[in-house]
>>> print(open('my_file_3.cif').read())   # mmCIF, C-alpha atoms
data_model
#
loop_
_atom_site.group_PDB
_atom_site.id
_atom_site.type_symbol
_atom_site.label_atom_id
_atom_site.label_comp_id
_atom_site.auth_asym_id
_atom_site.auth_seq_id
_atom_site.Cartn_x
_atom_site.Cartn_y
_atom_site.Cartn_z
ATOM 1 C CA MET A 292 142.173 317.267 20.014
ATOM 2 C CA HIS A 293 139.025 315.322 20.821
ATOM 3 C CA TRP A 294 139.599 312.778 17.996
ATOM 4 C CA ILE A 295 143.159 312.181 19.185
ATOM 5 C CA MET A 296 141.914 311.302 22.682
ATOM 6 C CA LYS A 297 139.323 308.906 21.184
ATOM 7 C CA LEU A 298 142.057 307.207 19.140
ATOM 8 C CA GLN A 299 144.259 306.837 22.216
ATOM 9 C CA ASN A 300 141.352 305.311 24.165
ATOM 10 C CA LYS A 301 140.687 302.786 21.365
ATOM 11 C CA THR A 302 144.370 301.883 21.183
ATOM 12 C CA THR A 303 144.545 301.354 24.938
ATOM 13 C CA ALA A 304 141.427 299.201 24.871
ATOM 14 C CA PHE A 305 142.911 297.109 22.030
ATOM 15 C CA TYR A 306 146.129 296.405 23.963
ATOM 16 C CA ILE A 307 144.231 295.531 27.145
ATOM 17 C CA THR A 308 142.026 293.094 25.199
ATOM 18 C CA PHE A 309 145.117 291.570 23.480
ATOM 19 C CA VAL A 310 146.887 290.995 26.818
ATOM 20 C CA ILE A 311 143.775 289.444 28.409
ATOM 21 C CA LEU A 312 143.339 287.015 25.488
ATOM 22 C CA THR A 313 146.964 286.007 25.044
ATOM 23 C CA LEU A 314 148.169 285.900 28.676
ATOM 24 C CA PRO A 315 146.695 282.394 29.446
ATOM 25 C CA VAL A 316 148.297 281.024 26.300
ATOM 26 C CA LEU A 317 151.688 282.474 27.206
ATOM 27 C CA MET A 318 151.424 281.131 30.754
ATOM 28 C CA SER A 319 150.509 277.642 29.554
ATOM 29 C CA CYS A 320 153.475 277.653 27.184
ATOM 30 C CA SER A 321 155.873 278.679 29.938
ATOM 31 C CA ASP A 322 154.525 275.948 32.246
ATOM 32 C CA ARG A 323 154.782 273.199 29.610
ATOM 33 C CA GLN A 324 157.879 271.063 30.244
ATOM 34 C CA GLU A 325 159.997 269.637 27.498
ATOM 35 C CA PRO A 326 159.860 265.834 27.328
ATOM 36 C CA ALA A 327 162.681 264.261 29.267
ATOM 37 C CA GLU A 328 165.499 263.034 27.083
ATOM 38 C CA THR A 329 166.045 259.297 27.286
ATOM 39 C CA THR A 330 169.450 257.802 26.818
ATOM 40 C CA PRO A 331 169.215 254.985 24.274
ATOM 41 C CA VAL A 332 170.728 251.663 25.218
ATOM 42 C CA PRO A 333 173.976 251.507 23.257
ATOM 43 C CA ALA A 334 174.309 248.671 20.771
ATOM 44 C CA LYS A 335 177.164 246.269 21.223
ATOM 45 C CA ALA A 336 180.251 247.209 19.257
ATOM 46 C CA GLU A 337 180.295 245.665 15.826
ATOM 47 C CA SER A 338 182.673 242.805 15.292
ATOM 48 C CA PHE A 339 182.821 240.083 12.643
ATOM 49 C CA THR A 340 180.186 239.712 9.957
ATOM 50 C CA PHE A 341 178.988 237.057 7.543
ATOM 51 C CA PHE A 342 176.777 238.240 4.684
ATOM 52 C CA ASP A 343 176.257 241.471 6.691
ATOM 53 C CA LEU A 344 175.033 239.527 9.740
ATOM 54 C CA GLY A 345 176.776 240.879 12.836
ATOM 55 C CA ILE A 346 176.545 240.910 16.606
ATOM 56 C CA ASN A 347 173.578 243.318 16.627
ATOM 57 C CA THR A 348 171.599 241.667 13.809
ATOM 58 C CA LYS A 349 168.103 240.478 14.710
ATOM 59 C CA LEU A 350 166.867 237.334 13.024
ATOM 60 C CA THR A 351 163.639 238.251 11.229
ATOM 61 C CA ASN A 352 161.632 236.744 8.401
ATOM 62 C CA HIS A 353 163.215 239.309 6.075
ATOM 63 C CA VAL A 354 166.738 238.306 7.152
ATOM 64 C CA ARG A 355 165.898 234.646 6.714
ATOM 65 C CA LYS A 356 164.529 235.328 3.223
ATOM 66 C CA GLU A 357 167.705 237.209 2.289
ATOM 67 C CA LEU A 358 169.796 234.264 3.487
ATOM 68 C CA GLU A 359 167.676 231.898 1.407
ATOM 69 C CA ASN A 360 168.404 233.997 -1.674
ATOM 70 C CA LYS A 361 172.149 233.712 -0.997
ATOM 71 C CA LEU A 362 172.510 230.221 0.469
ATOM 72 C CA GLY A 363 169.453 228.303 -0.674
ATOM 73 C CA ARG A 364 166.743 226.765 1.471
ATOM 74 C CA ASP A 365 167.489 226.202 5.136
ATOM 75 C CA ALA A 366 166.714 223.562 7.700
ATOM 76 C CA ILE A 367 165.634 225.016 11.025
ATOM 77 C CA GLU A 368 165.929 223.761 14.590
ATOM 78 C CA HIS A 369 164.389 225.667 17.505
ATOM 79 C CA ARG A 370 166.089 224.112 20.528
ATOM 80 C CA SER A 371 169.566 222.674 20.441
ATOM 81 C CA VAL A 372 172.741 221.819 22.295
ATOM 82 C CA ILE A 373 175.553 224.356 21.857
ATOM 83 C CA ASP A 374 179.037 222.895 21.641
ATOM 84 C CA LEU A 375 181.754 225.499 21.127
ATOM 85 C CA GLU A 376 184.518 222.930 20.712
ATOM 86 C CA ILE A 377 186.293 222.809 17.340
ATOM 87 C CA ASN A 378 188.971 220.791 15.548
ATOM 88 C CA TYR A 379 189.483 218.157 18.246
ATOM 89 C CA ARG A 380 188.505 217.597 21.853
ATOM 90 C CA GLY A 381 190.688 219.797 24.055
ATOM 91 C CA PHE A 382 191.582 222.387 21.399
ATOM 92 C CA LEU A 383 189.792 225.243 23.156
ATOM 93 C CA LYS A 384 191.159 224.258 26.555
ATOM 94 C CA LYS A 385 194.715 224.485 25.235
ATOM 95 C CA TYR A 386 194.519 227.547 22.998
ATOM 96 C CA PHE A 387 191.367 229.477 24.022
ATOM 97 C CA PRO A 388 190.706 228.782 27.718
ATOM 98 C CA ASN A 389 188.093 231.547 28.027
ATOM 99 C CA LEU A 390 186.016 229.968 25.272
ATOM 100 C CA ASP A 391 186.500 226.582 26.914
ATOM 101 C CA GLU A 392 185.157 227.923 30.210
ATOM 102 C CA LEU A 393 182.168 229.442 28.426
ATOM 103 C CA ASN A 394 181.557 226.068 26.770
ATOM 104 C CA ARG A 395 181.518 224.424 30.199
ATOM 105 C CA LEU A 396 178.927 226.918 31.437
ATOM 106 C CA LEU A 397 176.755 226.283 28.391
ATOM 107 C CA ASN A 398 176.870 222.535 28.972
ATOM 108 C CA PHE A 399 176.509 222.369 32.748
ATOM 109 C CA PRO A 400 175.920 219.969 34.400
ATOM 110 C CA PRO A 401 178.477 217.801 32.576
ATOM 111 C CA GLY A 402 177.336 214.529 31.101
ATOM 112 C CA GLU A 403 173.791 215.770 30.490
ATOM 113 C CA ARG A 404 172.195 216.938 27.260
ATOM 114 C CA VAL A 405 171.698 220.650 27.878
ATOM 115 C CA GLU A 406 169.400 222.248 25.319
ATOM 116 C CA HIS A 407 169.081 225.991 24.892
ATOM 117 C CA ASN A 408 166.425 228.325 23.551
ATOM 118 C CA THR A 409 168.006 228.880 20.163
ATOM 119 C CA VAL A 410 167.182 229.125 16.489
ATOM 120 C CA LYS A 411 169.605 227.175 14.318
ATOM 121 C CA LEU A 412 169.608 227.654 10.549
ATOM 122 C CA MET A 413 171.477 225.033 8.497
ATOM 123 C CA TYR A 414 172.384 225.278 4.805
ATOM 124 C CA ARG A 415 173.640 222.123 3.097
ATOM 125 C CA TYR A 416 173.183 223.080 -0.546
ATOM 126 C CA ALA A 417 174.784 226.528 -0.652
ATOM 127 C CA GLN A 418 177.069 225.518 -3.537
ATOM 128 C CA LYS A 419 173.987 225.340 -5.763
ATOM 129 C CA GLN A 420 173.684 229.102 -5.219
ATOM 130 C CA ASN A 421 177.159 229.599 -6.706
ATOM 131 C CA VAL A 422 178.847 230.221 -3.349
ATOM 132 C CA PRO A 423 181.868 228.138 -2.275
ATOM 133 C CA PHE A 424 180.505 226.890 1.046
ATOM 134 C CA LYS A 425 179.965 223.202 1.680
ATOM 135 C CA TYR A 426 177.959 223.746 4.874
ATOM 136 C CA VAL A 427 176.753 226.790 6.817
ATOM 137 C CA GLU A 428 175.280 226.779 10.325
ATOM 138 C CA LEU A 429 173.979 229.962 11.956
ATOM 139 C CA VAL A 430 172.846 229.842 15.582
ATOM 140 C CA PHE A 431 170.778 232.668 17.098
ATOM 141 C CA SER A 432 169.454 233.251 20.605
ATOM 142 C CA GLY A 433 165.783 232.406 20.942
ATOM 143 C CA TYR A 434 165.466 235.220 23.498
ATOM 144 C CA THR A 435 167.115 238.155 21.727
ATOM 145 C CA LYS A 436 167.250 236.793 18.132
ATOM 146 C CA THR A 437 170.899 237.907 17.946
ATOM 147 C CA PRO A 438 173.773 235.707 16.692
ATOM 148 C CA LEU A 439 175.596 233.308 19.003
ATOM 149 C CA LEU A 440 177.714 231.135 16.755
ATOM 150 C CA PHE A 441 178.418 230.843 13.028
ATOM 151 C CA LYS A 442 180.065 227.806 11.398
ATOM 152 C CA ILE A 443 181.115 227.683 7.742
ATOM 153 C CA THR A 444 183.013 224.906 5.955
ATOM 154 C CA PHE A 445 184.459 224.694 2.436
ATOM 155 C CA ARG A 446 186.900 222.426 0.633
ATOM 156 C CA LYS A 447 189.061 224.812 -1.392
ATOM 157 C CA ASP A 448 189.707 228.516 -0.965
ATOM 158 C CA GLU A 449 188.953 229.320 -4.578
ATOM 159 C CA ALA A 450 187.369 232.637 -3.589
ATOM 160 C CA ASP A 451 190.427 233.798 -1.585
ATOM 161 C CA ILE A 452 188.347 233.955 1.585
ATOM 162 C CA VAL A 453 191.374 233.880 3.903
ATOM 163 C CA LYS A 454 193.012 236.718 1.972
ATOM 164 C CA THR A 455 189.776 238.710 2.208
ATOM 165 C CA LEU A 456 189.713 238.216 5.980
ATOM 166 C CA GLU A 457 193.330 239.366 6.288
ATOM 167 C CA THR A 458 192.564 242.469 4.254
ATOM 168 C CA LYS A 459 189.530 243.290 6.380
ATOM 169 C CA TYR A 460 190.756 242.361 9.870
ATOM 170 C CA GLY A 461 194.543 242.451 9.640
ATOM 171 C CA ARG A 462 197.159 239.771 10.213
ATOM 172 C CA PRO A 463 195.848 236.819 12.217
ATOM 173 C CA GLY A 464 197.392 234.877 15.022
ATOM 174 C CA VAL A 465 198.577 231.447 13.871
ATOM 175 C CA ILE A 466 198.404 228.134 15.728
ATOM 176 C CA ASP A 467 200.181 225.062 14.390
ATOM 177 C CA TRP A 468 198.597 222.033 15.998
ATOM 178 C CA GLN A 469 201.111 219.575 17.304
ATOM 179 C CA GLU A 470 198.487 216.909 17.948
ATOM 180 C CA GLU A 471 196.435 216.643 14.767
ATOM 181 C CA ASN A 472 198.577 218.047 11.940
ATOM 182 C CA GLY A 473 196.375 221.065 11.381
ATOM 183 C CA THR A 474 196.659 224.854 11.415
ATOM 184 C CA SER A 475 194.399 227.626 12.730
ATOM 185 C CA MET A 476 194.358 231.368 12.139
ATOM 186 C CA PHE A 477 192.409 233.612 14.468
ATOM 187 C CA TRP A 478 191.285 237.177 14.915
ATOM 188 C CA LYS A 479 189.864 238.832 18.020
ATOM 189 C CA LYS A 480 187.670 241.916 17.880
ATOM 190 C CA ASN A 481 186.389 243.307 21.177
ATOM 191 C CA THR A 482 185.358 240.077 22.947
ATOM 192 C CA ASP A 483 184.547 238.062 19.828
ATOM 193 C CA PHE A 484 186.650 235.521 17.946
ATOM 194 C CA LEU A 485 186.878 234.444 14.339
ATOM 195 C CA ILE A 486 188.877 231.240 13.830
ATOM 196 C CA VAL A 487 189.804 229.675 10.500
ATOM 197 C CA SER A 488 191.174 226.137 10.696
ATOM 198 C CA LEU A 489 192.674 223.823 8.102
ATOM 199 C CA VAL A 490 191.336 220.501 9.353
ATOM 200 C CA PRO A 491 192.637 217.204 7.935
ATOM 201 C CA ASP A 492 190.123 214.477 7.144
ATOM 202 C CA GLN A 493 190.721 210.714 7.423
ATOM 203 C CA PHE A 494 192.531 210.722 4.070
ATOM 204 C CA GLY A 495 194.841 213.596 5.008
ATOM 205 C CA ARG A 496 193.080 216.144 2.825
ATOM 206 C CA HIS A 497 192.468 219.509 4.457
ATOM 207 C CA GLU A 498 189.145 221.314 4.715
ATOM 208 C CA TYR A 499 188.546 224.891 5.825
ATOM 209 C CA HIS A 500 186.421 225.401 8.932
ATOM 210 C CA ILE A 501 185.423 228.938 9.952
ATOM 211 C CA VAL A 502 183.814 229.660 13.310
ATOM 212 C CA ILE A 503 182.658 233.019 14.666
ATOM 213 C CA TYR A 504 181.989 233.244 18.405
ATOM 214 C CA TYR A 505 179.813 236.165 19.565
ATOM 215 C CA VAL A 506 181.003 235.975 23.153
ATOM 216 C CA ASP A 507 178.850 238.669 24.786
ATOM 217 C CA ASN A 508 175.703 237.173 23.254
ATOM 218 C CA LEU A 509 176.742 233.703 24.442
ATOM 219 C CA LYS A 510 177.324 235.056 27.964
ATOM 220 C CA GLN A 511 173.899 236.690 27.892
ATOM 221 C CA LEU A 512 172.385 233.331 26.950
ATOM 222 C CA VAL A 513 174.128 231.673 29.915
ATOM 223 C CA ALA A 514 172.848 234.385 32.284
ATOM 224 C CA THR A 515 169.278 234.032 31.010
ATOM 225 C CA LYS A 516 169.437 230.250 31.288
ATOM 226 C CA THR A 517 170.714 230.526 34.875
ATOM 227 C CA LYS A 518 167.861 232.842 35.834
ATOM 228 C CA GLU A 519 165.337 230.447 34.336
ATOM 229 C CA GLN A 520 166.794 227.553 36.321
ATOM 230 C CA GLU A 521 166.699 229.596 39.541
ATOM 231 C CA ARG A 522 163.044 230.528 38.975
ATOM 232 C CA ALA A 523 162.156 226.903 38.271
ATOM 233 C CA LYS A 524 163.985 225.781 41.411
ATOM 234 C CA SER A 525 162.257 228.380 43.601
ATOM 235 C CA GLY A 526 158.882 227.309 42.186
ATOM 236 C CA LYS A 527 159.499 223.689 43.134
ATOM 237 C CA THR A 528 160.444 224.613 46.684
ATOM 238 C CA ALA A 529 157.568 227.057 47.171
ATOM 239 C CA PHE A 530 155.078 224.357 48.276
#
>>> encode(input="my_file_3.cif", output="structure tokens")
Amino acid sequence: MHWIMKLQNKTTAFYITFVILTLPVLMSCSDRQEPAETTPVPAKAESFTFFDLGINTKLTNHVRKELENKLGRDAIEHRSVIDLEINYRGFLKKYFPNLDELNRLLNFPPGERVEHNTVKLMYRYAQKQNVPFKYVELVFSGYTKTPLLFKITFRKDEADIVKTLETKYGRPGVIDWQEENGTSMFWKKNTDFLIVSLVPDQFGRHEYHIVIYYVDNLKQLVATKTKEQERAKSGKTAF
């Protein structure tokens, strides 16, 4: 009977010691708060792509190197005027008034050379890389490094590019120009536009011109430019 009581006393002492040692740890765990969940900023919905470059692509050295592998060496320009007009003067005003208005905002005040913080990559020797393009121009925002405007031209559709676009994006809208004897096909995805035009040259031969407008990114550029102008104006009037 005596050894049973001694065993019970040892067991009780063990549990008391265990509770004393582990209670602070348990309390600290209960007081520790889980890190607050942050809601990530959603990326803009994907739209049209060119060589996997889309509305959310960031221009990096790696991206530029990949483009060089596909299109050859580039020429680069870090500040430039952005003119959204295509085909002939007044085309956007007649057929795409929203793009025309955006073009006015980008080039305000009228009559002045309005340069923007952009990165323009130009490829003039892409055909040497065994691709059908005569000229490629890719314009990115200098603020966000995201695409603003892509322009691609080629003489003949030997690679069935138009058919590929129809397969990927569906049947396009069609515009028969009455003024300049040309034709345009267009697709709209979210707010962005892809326009393919058959543009006649001075000899009456047609050339394909493709333009992709990343409208939300262009609007963001306008907003940033406006804020910069307002800050500059307030600085001049501060003294």
>>> resolve_selection(input="my_file_3.cif", expression="the PyMOL selection byres ((chain A and resi 387) around 12)", output="PDB file with C-alpha atoms, in the frame of the given file")
ATOM      1  CA  LEU A 375     181.754 225.499  21.127  1.00  0.00           C
ATOM      2  CA  GLU A 376     184.518 222.930  20.712  1.00  0.00           C
ATOM      3  CA  ILE A 377     186.293 222.809  17.340  1.00  0.00           C
ATOM      4  CA  GLY A 381     190.688 219.797  24.055  1.00  0.00           C
ATOM      5  CA  PHE A 382     191.582 222.387  21.399  1.00  0.00           C
ATOM      6  CA  LEU A 383     189.792 225.243  23.156  1.00  0.00           C
ATOM      7  CA  LYS A 384     191.159 224.258  26.555  1.00  0.00           C
ATOM      8  CA  LYS A 385     194.715 224.485  25.235  1.00  0.00           C
ATOM      9  CA  TYR A 386     194.519 227.547  22.998  1.00  0.00           C
ATOM     10  CA  PRO A 388     190.706 228.782  27.718  1.00  0.00           C
ATOM     11  CA  ASN A 389     188.093 231.547  28.027  1.00  0.00           C
ATOM     12  CA  LEU A 390     186.016 229.968  25.272  1.00  0.00           C
ATOM     13  CA  ASP A 391     186.500 226.582  26.914  1.00  0.00           C
ATOM     14  CA  GLU A 392     185.157 227.923  30.210  1.00  0.00           C
ATOM     15  CA  LEU A 393     182.168 229.442  28.426  1.00  0.00           C
ATOM     16  CA  ASN A 394     181.557 226.068  26.770  1.00  0.00           C
ATOM     17  CA  ILE A 466     198.404 228.134  15.728  1.00  0.00           C
ATOM     18  CA  SER A 475     194.399 227.626  12.730  1.00  0.00           C
ATOM     19  CA  PHE A 477     192.409 233.612  14.468  1.00  0.00           C
ATOM     20  CA  TRP A 478     191.285 237.177  14.915  1.00  0.00           C
ATOM     21  CA  LYS A 479     189.864 238.832  18.020  1.00  0.00           C
ATOM     22  CA  ASP A 483     184.547 238.062  19.828  1.00  0.00           C
ATOM     23  CA  PHE A 484     186.650 235.521  17.946  1.00  0.00           C
ATOM     24  CA  LEU A 485     186.878 234.444  14.339  1.00  0.00           C
ATOM     25  CA  ILE A 486     188.877 231.240  13.830  1.00  0.00           C
ATOM     26  CA  TYR A 504     181.989 233.244  18.405  1.00  0.00           C
TER      27      TYR A 504
END
>>> residues_around(input="my_file_3.cif", residues="A:Arg370", least_positions_apart="4", cutoff="7 Å", atoms="only C-alpha atoms", output="list in words")
Glu406, His407, Asn408, Thr409 and Val410 of chain A
>>> resolve_selection(input="my_file_3.cif", expression="the PyMOL selection byres ((chain A and resi 351) around 12)", output="ChimeraX atom specification")
/A:344,348-350,352-358,410,431,433,435-438
>>> axis_aligned_box(input="my_file_3.cif", around="stretch 492-496 of chain A", padding_each_side="5 Å", output="lines of an AutoDock Vina configuration file")
center_x = 192.5
center_y = 213.4
center_z = 5.1
size_x = 14.7
size_y = 15.4
size_z = 14.6
>>> atom_distance(input="my_file_3.cif", atom1="atom CA of A:Glu403", atom2="atom CA of A:Thr482")
28.0 Å
>>> residues_around(input="my_file_3.cif", residues="A:Asn347", least_positions_apart="5", cutoff="12 Å", atoms="only C-alpha atoms", output="PyMOL selection string")
chain A and resi 333-340+431-432+435-439+505+507-508
>>> atom_distance(input="my_file_3.cif", atom1="atom CA of A:Glu449", atom2="atom CA of A:His500")
14.3 Å
>>> atom_distance(input="my_file_3.cif", atom1="atom CA of A:Arg446", atom2="atom CA of A:Phe342")
19.2 Å
>>> residues_near_point(input="my_file_3.cif", point="(189.2, 217.9, 9.7)", cutoff="12 Å", atoms="all atoms listed in the file", output="PyMOL selection string")
chain A and resi 377-379+444-446+471-475+487-501
>>> resolve_selection(input="my_file_3.cif", expression="the PyMOL selection byres ((chain A and resi 360-364) around 8)", output="number ranges by chain")
A: 356-359, 365-366, 414, 416-420, 422
>>> write_last_selection(input="my_file_3.cif", atoms="C-alpha atoms", output="PDB file, in the coordinates of the input")
ATOM      1  CA  LYS A 356     164.529 235.328   3.223  1.00  0.00           C
ATOM      2  CA  GLU A 357     167.705 237.209   2.289  1.00  0.00           C
ATOM      3  CA  LEU A 358     169.796 234.264   3.487  1.00  0.00           C
ATOM      4  CA  GLU A 359     167.676 231.898   1.407  1.00  0.00           C
ATOM      5  CA  ASP A 365     167.489 226.202   5.136  1.00  0.00           C
ATOM      6  CA  ALA A 366     166.714 223.562   7.700  1.00  0.00           C
ATOM      7  CA  TYR A 414     172.384 225.278   4.805  1.00  0.00           C
ATOM      8  CA  TYR A 416     173.183 223.080  -0.546  1.00  0.00           C
ATOM      9  CA  ALA A 417     174.784 226.528  -0.652  1.00  0.00           C
ATOM     10  CA  GLN A 418     177.069 225.518  -3.537  1.00  0.00           C
ATOM     11  CA  LYS A 419     173.987 225.340  -5.763  1.00  0.00           C
ATOM     12  CA  GLN A 420     173.684 229.102  -5.219  1.00  0.00           C
ATOM     13  CA  VAL A 422     178.847 230.221  -3.349  1.00  0.00           C
TER      14      VAL A 422
END
>>> closest_residue(input="my_file_3.cif", among="A:Glu470, A:Gly464, A:Asp343, A:Leu397", to="A:Leu512", atoms="all atoms listed in the file")
A:Leu397
>>> closest_residue(input="my_file_3.cif", among="A:Asp374, A:Gly461, A:Tyr434, A:Gln469", to="A:Phe399", atoms="only C-alpha atoms")
A:Asp374
